[in-house]
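> My structure is stored as target_5.txt, with compact mmCIF, C-alpha atoms and all ligand atoms.
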```txt
# COMPACT_ATOMS: atom_id res chain seq x y z
CA MET L 1 83.61 55.23 102.09
CA GLU L 2 83.38 58.12 104.58
CA SER L 3 83.26 57.52 108.33
CA CYS L 4 79.85 58.22 109.82
CA ALA L 5 81.14 58.44 113.42
CA ASN L 6 80.65 62.24 113.57
CA ASP L 7 77.08 62.46 112.47
CA GLU L 8 75.41 59.19 113.41
CA CYS L 9 73.09 58.95 116.41
CA THR L 10 75.50 58.42 119.32
CA LEU L 11 73.49 55.44 120.55
CA HIS L 12 75.33 53.58 117.79
CA GLN L 13 78.54 54.17 119.77
CA LEU L 14 77.50 52.64 123.09
CA SER L 15 80.08 49.86 122.97
CA PRO L 16 82.13 48.23 120.19
CA TYR L 17 80.99 45.07 118.44
CA ILE L 18 83.11 42.98 116.16
CA GLY L 19 81.62 42.67 112.68
CA LYS L 20 79.28 45.65 113.19
CA ILE L 21 78.12 47.31 109.99
CA LYS L 22 78.32 51.05 109.40
CA SER L 23 75.18 52.85 110.56
CA SER L 24 75.11 54.86 107.30
CA ILE L 25 74.98 51.62 105.30
CA ALA L 26 72.28 50.22 107.59
CA GLY L 27 70.31 53.48 107.18
CA ASP L 28 70.61 53.38 103.38
CA LEU L 29 69.44 49.78 103.24
CA VAL L 30 66.48 50.45 105.53
CA ARG L 31 65.43 53.50 103.46
CA LYS L 32 65.83 51.69 100.17
CA TYR L 33 64.24 48.36 100.97
CA SER L 34 61.39 49.26 103.34
CA LYS L 35 58.83 52.01 103.89
CA PRO L 36 57.83 53.96 107.03
CA GLY L 37 55.60 51.79 109.20
CA ASP L 38 57.03 48.55 107.77
CA LEU L 39 58.17 45.76 110.05
CA VAL L 40 61.91 45.18 109.48
CA VAL L 41 63.50 42.00 110.80
CA ASP L 42 67.18 41.38 111.62
CA PRO L 43 67.83 37.88 113.04
CA PHE L 44 71.62 38.47 113.38
CA ALA L 45 71.29 41.85 115.06
CA GLY L 46 74.76 42.04 116.67
CA ALA L 47 75.16 45.56 118.05
CA GLY L 48 71.59 46.36 117.01
CA THR L 49 72.66 48.68 114.20
CA ILE L 50 69.92 47.68 111.75
CA PRO L 51 67.10 47.57 114.37
CA LEU L 52 68.13 51.02 115.66
CA GLU L 53 68.30 52.51 112.16
CA SER L 54 64.92 50.93 111.39
CA ALA L 55 63.40 52.50 114.50
CA LEU L 56 65.01 55.88 113.73
CA GLN L 57 63.53 55.80 110.21
CA GLY L 58 60.02 55.18 111.53
CA ARG L 59 59.92 51.44 110.86
CA ARG L 60 58.89 48.79 113.34
CA ALA L 61 61.94 46.79 114.36
CA PHE L 62 62.39 43.15 115.30
CA GLY L 63 65.90 42.00 116.19
CA ALA L 64 67.31 38.71 117.42
CA ASP L 65 70.73 37.20 118.06
CA ILE L 66 72.31 34.29 119.86
CA SER L 67 74.64 36.51 121.91
CA PRO L 68 73.73 37.98 125.32
CA TYR L 69 76.07 40.89 124.51
CA SER L 70 74.00 41.62 121.42
CA ARG L 71 70.86 41.50 123.57
CA ILE L 72 72.24 44.13 125.94
CA LEU L 73 73.32 46.49 123.15
CA SER L 74 70.16 46.04 121.09
CA MET L 75 67.85 46.53 124.08
CA ALA L 76 69.84 49.60 125.16
CA LYS L 77 69.50 51.11 121.69
CA LEU L 78 65.85 50.25 121.20
CA PHE L 79 64.73 51.22 124.71
CA PRO L 80 66.97 54.04 126.00
CA PRO L 81 65.81 56.49 128.69
CA ASN L 82 63.86 59.34 127.05
CA SER L 83 66.34 62.12 127.74
CA LEU L 84 69.81 62.79 129.13
CA PRO L 85 68.51 63.99 132.54
CA ASP L 86 66.43 60.83 132.77
CA ALA L 87 69.45 58.67 131.86
CA LEU L 88 71.69 60.47 134.38
CA ARG L 89 69.09 60.07 137.11
CA LYS L 90 68.84 56.33 136.45
CA THR L 91 72.62 56.02 136.46
CA GLU L 92 72.91 57.87 139.80
CA VAL L 93 70.28 55.62 141.36
CA ALA L 94 72.10 52.50 140.13
CA LEU L 95 75.43 53.84 141.40
CA LEU L 96 73.89 54.42 144.84
CA GLY L 97 72.52 50.88 144.80
CA ALA L 98 75.94 49.51 143.87
CA ALA L 99 77.65 51.54 146.61
CA ALA L 100 75.27 50.07 149.19
CA LEU L 101 76.28 46.49 148.34
CA PRO L 102 78.92 44.76 150.48
CA ALA L 103 82.46 44.88 149.04
CA PRO L 104 82.95 41.74 146.93
CA ASP L 105 85.64 39.23 147.77
CA LEU L 106 87.92 39.28 144.74
CA ARG L 107 89.11 35.73 145.37
CA SER L 108 85.93 34.52 143.71
CA THR L 109 86.73 36.49 140.52
CA PRO L 110 88.82 34.53 138.00
CA LEU L 111 92.43 35.59 137.66
CA TRP L 112 92.09 36.38 133.95
CA VAL L 113 89.45 38.99 134.83
CA ARG L 114 91.38 40.37 137.82
CA GLN L 115 94.41 40.94 135.60
CA PHE L 116 92.60 43.75 133.79
CA PHE L 117 91.78 45.98 136.78
CA HIS L 118 93.05 47.74 139.85
CA PRO L 119 91.41 45.86 142.77
CA ASP L 120 89.41 48.89 143.96
CA THR L 121 88.14 49.58 140.44
CA LEU L 122 87.22 45.94 140.07
CA ARG L 123 85.18 45.97 143.30
CA GLU L 124 83.20 48.95 142.03
CA ALA L 125 82.75 47.32 138.62
CA LEU L 126 81.54 44.04 140.14
CA ASN L 127 78.97 45.78 142.31
CA PHE L 128 77.76 47.98 139.48
CA ALA L 129 77.40 44.96 137.20
CA THR L 130 75.24 43.28 139.87
CA ILE L 131 72.77 46.18 139.62
CA ALA L 132 73.06 46.61 135.84
CA ARG L 133 72.25 42.92 135.29
CA ARG L 134 68.71 43.44 136.60
CA PRO L 135 66.01 43.38 133.90
CA GLY L 136 65.29 46.85 132.52
CA ASN L 137 68.84 48.08 133.18
CA GLU L 138 70.26 47.17 129.76
CA PHE L 139 71.06 50.79 128.92
CA LEU L 140 73.17 51.09 132.08
CA MET L 141 74.91 47.79 131.36
CA ALA L 142 75.67 48.83 127.76
CA ASN L 143 77.26 52.10 128.88
CA PHE L 144 79.26 50.28 131.56
CA LEU L 145 80.49 47.71 129.01
CA GLY L 146 81.40 50.58 126.69
CA ILE L 147 83.99 51.86 129.20
CA LEU L 148 85.16 48.47 130.45
CA HIS L 149 88.46 48.11 128.62
CA HIS L 150 90.80 50.43 126.75
CA GLN L 151 93.88 52.41 127.70
CA ARG L 152 92.34 55.88 127.58
CA PRO L 153 91.70 57.66 130.90
CA GLY L 154 87.91 57.44 130.52
CA PHE L 155 88.01 53.64 130.75
CA LEU L 156 88.20 51.28 133.70
CA SER L 157 90.88 48.75 132.84
CA TYR L 158 94.64 48.71 132.82
CA PRO L 159 95.97 49.53 129.31
CA SER L 160 94.24 47.19 126.91
CA SER L 161 92.60 47.21 123.51
CA HIS L 162 89.04 48.35 123.10
CA LEU L 163 87.41 45.94 120.70
CA VAL L 164 89.00 42.68 121.83
CA PRO L 165 90.31 42.46 125.41
CA TYR L 166 94.10 42.13 125.35
CA LEU L 167 96.32 43.70 127.98
CA ARG L 168 98.87 46.09 126.53
CA ASP L 169 101.33 45.71 129.38
CA LYS L 170 104.21 45.14 126.96
CA LYS L 171 103.59 48.41 125.15
CA TYR L 172 102.83 50.23 128.42
CA PRO L 173 104.90 48.52 131.14
CA ARG L 174 103.89 49.30 134.71
CA GLU L 175 107.36 50.71 135.59
CA ASP L 176 107.22 53.28 132.76
CA PHE L 177 103.51 54.12 132.91
CA PRO L 178 102.52 53.82 136.60
CA GLU L 179 99.55 56.20 136.16
CA MET L 180 97.90 53.69 133.82
CA TYR L 181 97.79 51.15 136.63
CA GLU L 182 96.21 53.38 139.24
CA TYR L 183 92.68 53.13 140.64
CA ARG L 184 90.10 54.37 138.12
CA GLU L 185 86.90 55.59 139.71
CA LEU L 186 83.77 54.20 138.05
CA LYS L 187 81.21 56.91 138.86
CA SER L 188 82.71 59.90 137.02
CA ARG L 189 83.64 57.76 134.01
CA LEU L 190 80.21 56.22 133.72
CA LEU L 191 78.39 59.54 134.01
CA ALA L 192 80.68 61.01 131.34
CA LYS L 193 79.98 58.02 129.11
CA VAL L 194 76.20 58.44 129.50
CA GLN L 195 76.60 62.12 128.53
CA ARG L 196 78.47 61.05 125.39
CA SER L 197 75.71 58.57 124.53
CA TYR L 198 73.23 61.48 124.36
CA LYS L 199 75.48 63.82 122.34
CA ARG L 200 73.41 63.20 119.19
CA PHE L 201 70.31 61.55 120.52
CA GLU L 202 67.18 61.09 118.49
CA SER L 203 64.11 59.56 119.96
CA ALA L 204 63.16 56.53 117.90
CA GLY L 205 59.41 57.07 118.30
CA ARG L 206 56.98 54.61 119.76
CA LYS L 207 56.68 52.07 116.98
CA LEU L 208 56.91 48.40 117.88
CA ARG L 209 60.42 47.32 118.84
CA ARG L 210 61.37 43.84 119.93
CA PHE L 211 64.45 41.77 120.55
CA ASN L 212 64.65 37.99 121.05
CA LEU L 213 67.70 36.23 122.49
CA SER L 214 67.67 33.14 120.31
CA PRO L 215 69.71 31.22 117.79
CA VAL L 216 68.16 31.62 114.37
CA GLN L 217 67.40 27.89 114.21
CA GLN L 218 64.96 28.24 117.13
CA LEU L 219 63.79 31.74 116.43
CA GLU L 220 60.14 32.47 115.95
CA LEU L 221 59.81 35.34 113.53
CA PRO L 222 56.70 37.54 113.41
CA LYS L 223 53.94 35.90 111.32
CA ARG L 224 54.19 38.58 108.62
CA PHE L 225 57.00 41.07 108.03
CA ASP L 226 57.81 43.55 105.27
CA ALA L 227 61.59 43.29 104.99
CA LEU L 228 64.50 41.32 106.32
CA ILE L 229 67.84 43.13 106.43
CA THR L 230 70.72 41.34 108.10
CA SER L 231 74.42 40.51 108.16
CA PRO L 232 74.98 36.85 109.06
CA PRO L 233 78.06 35.55 110.92
CA TYR L 234 81.03 35.36 108.57
CA MET L 235 81.39 31.60 108.29
CA ASN L 236 84.56 31.19 110.35
CA ALA L 237 86.23 34.57 110.14
CA LEU L 238 85.11 36.01 113.51
CA ASP L 239 84.67 34.54 116.96
CA TYR L 240 82.08 36.60 118.82
CA GLY L 241 82.38 34.61 122.05
CA ARG L 242 86.15 34.81 122.45
CA ASP L 243 86.40 38.41 121.28
CA ASN L 244 83.75 39.65 123.71
CA ARG L 245 84.84 37.46 126.61
CA LEU L 246 85.42 40.17 129.20
CA ARG L 247 82.12 41.91 128.49
CA LEU L 248 80.30 38.58 128.43
CA TRP L 249 81.79 37.69 131.80
CA PHE L 250 80.38 40.88 133.35
CA ILE L 251 76.99 40.27 131.72
CA ASP L 252 76.89 36.79 133.24
CA PRO L 253 79.90 35.18 134.94
CA THR L 254 78.44 31.74 134.36
CA LEU L 255 78.47 32.08 130.56
CA ALA L 256 80.83 29.89 128.61
CA GLU L 257 83.31 31.88 126.53
CA ASP L 258 82.39 30.28 123.25
CA VAL L 259 78.70 31.08 123.06
CA ASP L 260 78.43 30.68 119.32
CA ASN L 261 81.53 28.73 118.45
CA ASP L 262 79.72 25.92 116.78
CA VAL L 263 77.88 28.30 114.52
CA THR L 264 80.58 30.63 113.30
CA GLN L 265 83.34 28.07 113.14
CA ARG L 266 81.98 25.66 110.61
CA ARG L 267 80.59 25.91 107.16
CA LYS L 268 77.89 23.35 107.91
CA ALA L 269 76.58 25.39 110.81
CA PHE L 270 76.55 28.49 108.60
CA VAL L 271 74.53 26.64 105.95
CA ASP L 272 72.13 25.34 108.63
CA ALA L 273 71.60 28.83 109.99
CA ILE L 274 70.95 30.34 106.55
CA SER L 275 68.76 27.44 105.52
CA SER L 276 66.66 27.63 108.67
CA LEU L 277 66.27 31.37 108.14
CA GLY L 278 65.34 30.80 104.49
CA HIS L 279 62.41 28.58 105.49
CA LYS L 280 61.11 31.25 107.87
CA VAL L 281 61.45 33.96 105.23
CA GLU L 282 59.57 31.82 102.74
CA THR L 283 56.52 31.76 105.00
CA GLY L 284 56.79 35.16 106.73
CA LEU L 285 58.04 37.74 104.23
CA ARG L 286 55.19 39.53 102.47
CA LYS L 287 54.90 39.41 98.70
CA GLU L 288 57.13 41.97 96.96
CA GLY L 289 59.07 42.34 100.23
CA TYR L 290 62.87 42.59 100.20
CA CYS L 291 65.39 40.34 101.87
CA VAL L 292 68.89 41.83 102.06
CA PHE L 293 72.01 39.99 103.19
CA VAL L 294 75.23 41.84 103.91
CA VAL L 295 77.82 39.11 103.64
CA GLY L 296 81.48 39.41 104.53
CA GLU L 297 83.95 37.91 102.10
CA GLU L 298 87.62 37.27 102.45
CA THR L 299 89.25 37.75 99.07
CA ALA L 300 92.18 35.42 99.85
CA ARG L 301 89.97 32.69 101.29
CA ARG L 302 91.22 29.30 100.17
CA SER L 303 87.94 27.54 100.69
CA GLU L 304 86.13 26.31 97.64
CA SER L 305 82.97 28.29 98.33
CA HIS L 306 82.48 31.87 99.46
CA PRO L 307 79.89 32.92 102.06
CA SER L 308 77.77 34.89 99.60
CA GLU L 309 77.72 31.95 97.16
CA VAL L 310 76.70 29.73 100.06
CA VAL L 311 73.87 32.14 100.91
CA VAL L 312 72.61 32.27 97.32
CA THR L 313 72.77 28.48 96.84
CA THR L 314 71.19 27.71 100.22
CA LEU L 315 68.32 30.15 99.70
CA LYS L 316 67.54 28.72 96.29
CA THR L 317 66.35 25.56 98.02
CA ALA L 318 65.12 26.96 101.35
CA ALA L 319 63.29 30.01 99.98
CA PRO L 320 62.44 29.36 96.31
CA SER L 321 60.14 32.37 96.05
CA LEU L 322 63.06 34.74 96.67
CA LYS L 323 64.63 36.09 93.51
CA LEU L 324 68.12 37.58 93.53
CA LYS L 325 67.75 41.09 92.14
CA LYS L 326 71.08 42.74 92.76
CA VAL L 327 74.59 42.08 94.06
CA LEU L 328 76.70 45.03 95.17
CA THR L 329 80.26 44.94 96.48
CA ASP L 330 81.97 47.18 98.99
CA ASN L 331 85.67 46.87 99.74
CA ILE L 332 86.31 47.43 103.43
CA PRO L 333 89.24 49.81 103.94
CA ASP L 334 91.82 48.81 106.57
CA ILE L 335 90.63 51.44 109.02
CA ARG L 336 87.18 49.85 109.23
CA ARG L 337 88.38 46.33 109.68
CA THR L 338 88.14 45.02 113.18
CA ARG L 339 91.54 43.36 113.26
CA ARG L 340 93.91 44.71 110.67
CA GLU L 341 96.45 41.95 110.48
CA CYS L 342 93.93 39.17 110.56
CA LYS L 343 93.05 37.39 107.41
CA GLY L 344 89.42 38.26 108.13
CA VAL L 345 86.74 39.87 106.07
CA LYS L 346 87.88 42.27 103.37
CA THR L 347 84.86 42.71 101.14
CA GLU L 348 81.16 42.97 101.78
CA HIS L 349 78.62 41.72 99.31
CA PHE L 350 75.09 43.06 99.41
CA LEU L 351 72.69 40.43 98.16
CA VAL L 352 69.27 41.88 97.45
CA PHE L 353 66.44 39.37 97.05
CA LYS L 354 62.78 40.14 96.39
CA ARG L 355 59.87 37.88 97.11
CA ASN L 356 57.68 36.98 94.13
C1 LIG A 401 78.11 40.01 111.40
S1 LIG A 401 77.42 39.95 113.01
C2 LIG A 401 76.06 41.05 112.89
C3 LIG A 401 76.49 42.46 112.99
C4 LIG A 401 75.35 43.47 113.03
N1 LIG A 401 74.73 43.66 111.75
C5 LIG A 401 75.86 44.78 113.57
O1 LIG A 401 75.80 45.81 112.89
O2 LIG A 401 76.39 44.77 114.70
C6 LIG A 401 76.66 38.38 113.07
C7 LIG A 401 75.90 38.08 114.34
O3 LIG A 401 75.36 36.76 114.23
C8 LIG A 401 75.25 36.24 115.55
N2 LIG A 401 75.05 34.80 115.42
C9 LIG A 401 75.96 33.84 115.17
N3 LIG A 401 75.36 32.65 115.07
C10 LIG A 401 74.02 32.86 115.27
C11 LIG A 401 72.88 32.01 115.28
N4 LIG A 401 72.96 30.72 115.07
N5 LIG A 401 71.68 32.57 115.51
C12 LIG A 401 71.56 33.89 115.72
N6 LIG A 401 72.61 34.74 115.73
C13 LIG A 401 73.83 34.22 115.50
C14 LIG A 401 76.53 36.68 116.24
O4 LIG A 401 76.36 36.69 117.63
C15 LIG A 401 76.71 38.07 115.64
O5 LIG A 401 76.17 39.05 116.48
```
What is this structure when it is put down as structure tokens?

Amino acid sequence: MESCANDECTLHQLSPYIGKIKSSIAGDLVRKYSKPGDLVVDPFAGAGTIPLESALQGRRAFGADISPYSRILSMAKLFPPNSLPDALRKTEVALLGAAALPAPDLRSTPLWVRQFFHPDTLREALNFATIARRPGNEFLMANFLGILHHQRPGFLSYPSSHLVPYLRDKKYPREDFPEMYEYRELKSRLLAKVQRSYKRFESAGRKLRRFNLSPVQQLELPKRFDALITSPPYMNALDYGRDNRLRLWFIDPTLAEDVDNDVTQRRKAFVDAISSLGHKVETGLRKEGYCVFVVGEETARRSESHPSEVVVTTLKTAAPSLKLKKVLTDNIPDIRRTRRECKGVKTEHFLVFKRN
């Protein structure tokens, strides 16, 4: 499958998210299984890919997720400033606000966080995060998180990977690559990042857009919706808390690292989540409406049941009026996988249900 990185709306590229689906796939699903004006629901919104595509295609979008990182990205994508000049102005104001704050004492920052940054860069990052955490500043926070760690010059950290925060000090030792350990100014990098976010910007119109920070078990879905399109957590293949730990720390230093451990780690929790969602779909999805699950599968998985089988079996009981209409399979090439050597997800199943 072709990469869509060069023609998708650049809001999709605000900041990486493990397990994110391709925007072109999200767009196809939205077009195929809903109509303009429909209310499309995604209770496992992650990076907000499906809600953003829904909004871009003239649908009303309702997203939810358990992760505060998902909330930031989804809000940033659903409610961005109207234009690049507007976004740059807001960024400049926030930078001024951050510069006016007293210099933070780094001794109150945990060592594992300090290890990623030059002290002067870290002071700027801490102050900027203080401003970006204020309600309404999600777009600024998302852009800041998008340049938080990587080894390229446009990023803030010492050499480290982009998706999952690991220092690459063995590959790039300080003695051989001193320039990679120098102070990295925040302002110019952030303004450049905001410019990149608007490279291919489309306004998503004014249709209803909402995001709820909530585990699916406690989520209140809209009373009536036209379609549900979602990709649930992959049973135990990914750990969203651990893999986003540095970004989560900047979003809220008091957050535990394993926000959703209990849900993604165990089969029972996966079944509970799908079952609870099934009950809500049974009452909320309109007749003839579609319910689409994009489910990651690991071909070599040694467990006796596969996530998509679990979804089908669980929904049979929880949402008896849903009928499975179609199952499609997409093999994920290495380049798209989030961690190549991991024994993680290698195939995606698209389960298309329709309500009787
Ligand atoms: C496969 S990812 C979704 C990816 C998304 N479609 C995208 O394009 O970024 C699954 C999401 O489920 C969320 N999640 C895990 N357990 C959850 C729960 N109990 N309730 C709601 N969301 C949960 C994770 O935080 C993660 O964002």
> Contacts of Pro320 (chain L) at 12 Å or less, counting only C-alpha atoms, minus same-chain residues fewer than 6 places along, as number ranges by chain?
L: 275, 278-283, 312-314, 353-356
> Would you mind reading off the distance between CA of Gly63 (chain L) and CA of Arg89 (chain L), one decimal, in Å?
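If I compute the distance from CA of Gly63 (chain L) to CA of Arg89 (chain L), I get 27.8 Å.
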> Using only C-alpha atoms and all ligand atoms, find each protein or nucleic acid residue lying at most 7 Å from ligand LIG 401 (chain A); present the set as a ChimeraX atom specification.
/L:17,19-22,43-50,64-67,70,214-217,230-234,240,260,263-264,273
> Keeping only C-alpha atoms, take the residues you just selected and write them out as a short mmCIF file (atom, residue, chain, number, x, y, z; two decimals), in the frame of the given file.

```
data_model
loop_
_atom_site.label_atom_id
_atom_site.label_comp_id
_atom_site.auth_asym_id
_atom_site.auth_seq_id
_atom_site.Cartn_x
_atom_site.Cartn_y
_atom_site.Cartn_z
CA TYR L 17 80.99 45.07 118.44
CA GLY L 19 81.62 42.67 112.68
CA LYS L 20 79.28 45.65 113.19
CA ILE L 21 78.12 47.31 109.99
CA LYS L 22 78.32 51.05 109.40
CA PRO L 43 67.83 37.88 113.04
CA PHE L 44 71.62 38.47 113.38
CA ALA L 45 71.29 41.85 115.06
CA GLY L 46 74.76 42.04 116.67
CA ALA L 47 75.16 45.56 118.05
CA GLY L 48 71.59 46.36 117.01
CA THR L 49 72.66 48.68 114.20
CA ILE L 50 69.92 47.68 111.75
CA ALA L 64 67.31 38.71 117.42
CA ASP L 65 70.73 37.20 118.06
CA ILE L 66 72.31 34.29 119.86
CA SER L 67 74.64 36.51 121.91
CA SER L 70 74.00 41.62 121.42
CA SER L 214 67.67 33.14 120.31
CA PRO L 215 69.71 31.22 117.79
CA VAL L 216 68.16 31.62 114.37
CA GLN L 217 67.40 27.89 114.21
CA THR L 230 70.72 41.34 108.10
CA SER L 231 74.42 40.51 108.16
CA PRO L 232 74.98 36.85 109.06
CA PRO L 233 78.06 35.55 110.92
CA TYR L 234 81.03 35.36 108.57
CA TYR L 240 82.08 36.60 118.82
CA ASP L 260 78.43 30.68 119.32
CA VAL L 263 77.88 28.30 114.52
CA THR L 264 80.58 30.63 113.30
CA ALA L 273 71.60 28.83 109.99
#
```
> CA of Gly205 (chain L) and CA of Ala26 (chain L), how far apart in Å?
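According to the coordinates, CA of Ala26 (chain L) and CA of Gly205 (chain L) are separated by 18.1 Å.
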> Quick one: pull the distance between CA of Arg224 (chain L) and CA of Asp38 (chain L), Å, one decimal.
10.4 Å
> Mind checking which residues fall within 12 Å of Arg60 (chain L), counting only C-alpha atoms, ignoring those fewer than 5 positions away in the same chain, and posting them as an NGL selection string?
:L and (30 or 34-42 or 50-55 or 78 or 204-211 or 222 or 225-228)
> Could you give me, as a list in words, the residues that have an atom at most 12 Å away from the point (84.5, 35.4, 141.7) in the coordinates of the file, using only C-alpha atoms?
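The requested residues, written out, are Pro104, Asp105, Leu106, Arg107, Ser108, Thr109, Pro110, Leu111, Trp112, Val113, Arg114, Leu122, Arg123, Leu126, Asn127, Trp249, Phe250, Asp252, Pro253 and Thr254 of chain L.
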> Report, as JSON, the axis-aligned box around all atoms of region 151-167 of chain L present in the file, extended by 3 Å on each side; give centre and edge lengths in Å to one decimal place.

```
{"center_x": 91.9, "center_y": 49.9, "center_z": 127.2, "size_x": 14.9, "size_y": 21.5, "size_z": 19.0}
```
> Restricting the calculation to all atoms listed in the file, which member of L:Val164, L:Leu190, L:Ala319, L:Ala98 is positioned closest to Arg134 (chain L)?
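Distance minimum relative to Arg134 (chain L) lands on L:Ala98.
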> I want to know what sits within 12 Å of Asn82 (chain L), based on only C-alpha atoms, with residues of the same chain fewer than 3 positions away left out; could you give that as a list in words?
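Close residues of Asn82 (chain L): Ala76, Lys77, Leu78, Phe79, Pro85, Asp86, Ala87, Leu88, Arg89, Lys90, Phe139, Tyr198, Phe201, Glu202, Ser203, Ala204, Gly205 and Arg206 of chain L.
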> Counting only C-alpha atoms, which residues have an atom no more than 6 Å from (91.9, 45.3, 127.8) in the file's coordinates? Please list them as a PyMOL selection string.
chain L and resi 149-150+160-161+165-167
> Write out as a list in words which residues come within 6 Å of region 325-327 of chain L when counting all atoms listed in the file, dropping same-chain ones fewer than 6 positions away.
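Near region 325-327 of chain L, the qualifying residues are Phe350, Leu351, Val352 and Phe353 of chain L.
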